[in-house]
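Just below is one structure, and these are the notes that go with it.
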Amino acid sequence: MVNLESINEIQFNNGLIPAIIQEQCSGEVLMLAYMNEESLKKTMETGTTWFFSRSRNKLWNKGETSGHFQYVKSISFDCDGDTILIKAKQVGVACHTGNKTCFYREIWKQKP
């Protein structure tokens with residue numbers, strides 16, 4: 001179900017909005033990427049994640065070359081309308097380094 005009224009509430013800053021990708025089952029944060037309006041619409045149309053590459057200045061479909069697709073289960077946005085949260089089923093790994101998540105480098109942890 002697409003709520004077109006809600007889409008109009010999304011705030012694209014310089015044409016982009018950060019998108020947090022979270023594994024639907026485990027709740028683990030997999031990655032953060034940027035979307036523009038076109039990539040958000042393609043994500044909703046195809047059911048797989050599409051992002052805007054700032055370095056290459058073009059759209060890219062996660063898994064297009066690796067086969068590690070993200071199948072979208074839900075898309076929401078925060079109270080300010082300036083961040084998107086996508087819950088997805090990850091096939092394979094999310095990170096280009098071969099790690100399951102892009103957030104594998106821990107720098108601090110509370111001692112028990």
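As shown in the structure tokens, the chain order sets the letters A, B, ...; within each chain, residues go from 1, and ligands are also counted from 1 in the order they appear.
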Who sits within 9 Å of Asp80 (chain A), only C-alpha atoms, same chain under 5 positions skipped, as a list in words: Glu9, Ile10 and Gln11 of chain A
Keeping N, CA, C and O atoms, export the residues of the selection given above as a PDB file, in the first residue's frame.
ATOM      1  N   GLU A   9       5.286  14.553   2.435  1.00  0.00           N
ATOM      2  CA  GLU A   9       5.832  15.073   3.687  1.00  0.00           C
ATOM      3  C   GLU A   9       7.340  14.836   3.825  1.00  0.00           C
ATOM      4  O   GLU A   9       7.972  15.361   4.734  1.00  0.00           O
ATOM      5  N   ILE A  10       7.907  14.052   2.933  1.00  0.00           N
ATOM      6  CA  ILE A  10       9.332  13.739   3.000  1.00  0.00           C
ATOM      7  C   ILE A  10      10.144  14.949   2.567  1.00  0.00           C
ATOM      8  O   ILE A  10       9.862  15.579   1.545  1.00  0.00           O
ATOM      9  N   GLN A  11      11.165  15.279   3.367  1.00  0.00           N
ATOM     10  CA  GLN A  11      12.019  16.439   3.130  1.00  0.00           C
ATOM     11  C   GLN A  11      13.328  15.995   2.488  1.00  0.00           C
ATOM     12  O   GLN A  11      14.201  15.463   3.172  1.00  0.00           O
TER      13      GLN A  11
END
For Ser66 (chain A): contacts at 12 Å, only C-alpha atoms, fewer than 5 positions along chain excluded, given as a ChimeraX atom specification: /A:60-61,91-98
Counting only C-alpha atoms, the option among A:Asn57, A:Ala19, A:Lys109, A:Asn13 closest to Phe77 (chain A):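 When distances to Phe77 (chain A) are compared using only C-alpha atoms, the smallest one comes from A:Ala19.
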Who sits within 8 Å of Leu59 (chain A), only C-alpha atoms, same chain under 6 positions skipped, as a PyMOL selection string: chain A and resi 39+50-53
Can you write out the residues you just picked, keeping C-alpha atoms, as a short mmCIF file (atom, residue, chain, number, x, y, z; two decimals), in the first residue's frame?
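Saved to again13.cif:
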data_model
loop_
_atom_site.label_atom_id
_atom_site.label_comp_id
_atom_site.auth_asym_id
_atom_site.auth_seq_id
_atom_site.Cartn_x
_atom_site.Cartn_y
_atom_site.Cartn_z
CA SER A 39 15.18 6.08 -6.28
CA TRP A 50 17.42 1.69 -5.11
CA PHE A 51 19.75 4.46 -4.00
CA PHE A 52 21.45 7.53 -5.39
CA SER A 53 25.24 7.34 -5.54
#
Every residue of chain A that DSSP places in strand (DSSP E or B), as a ChimeraX atom specification: /A:13,16-23,29-35,48,50-53,58-61,70-77,84-90
Nearest-residue call for Thr101 (chain A), choices A:Asn14, A:Ser55, A:Asn8, A:Ser26, using only C-alpha atoms: A:Ser26
Alpha helix (DSSP H) call set, DSSP backbone run, region 6-90 of chain A, as a list in words: Ser6, Ile7, Glu37, Glu38, Ser39, Leu40, Lys41, Lys42, Thr43, Met44, Glu45 and Thr46 of chain A
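Counting from CA of His68 (chain A), the distance to CA of Arg54 (chain A) is 20.7 Å.
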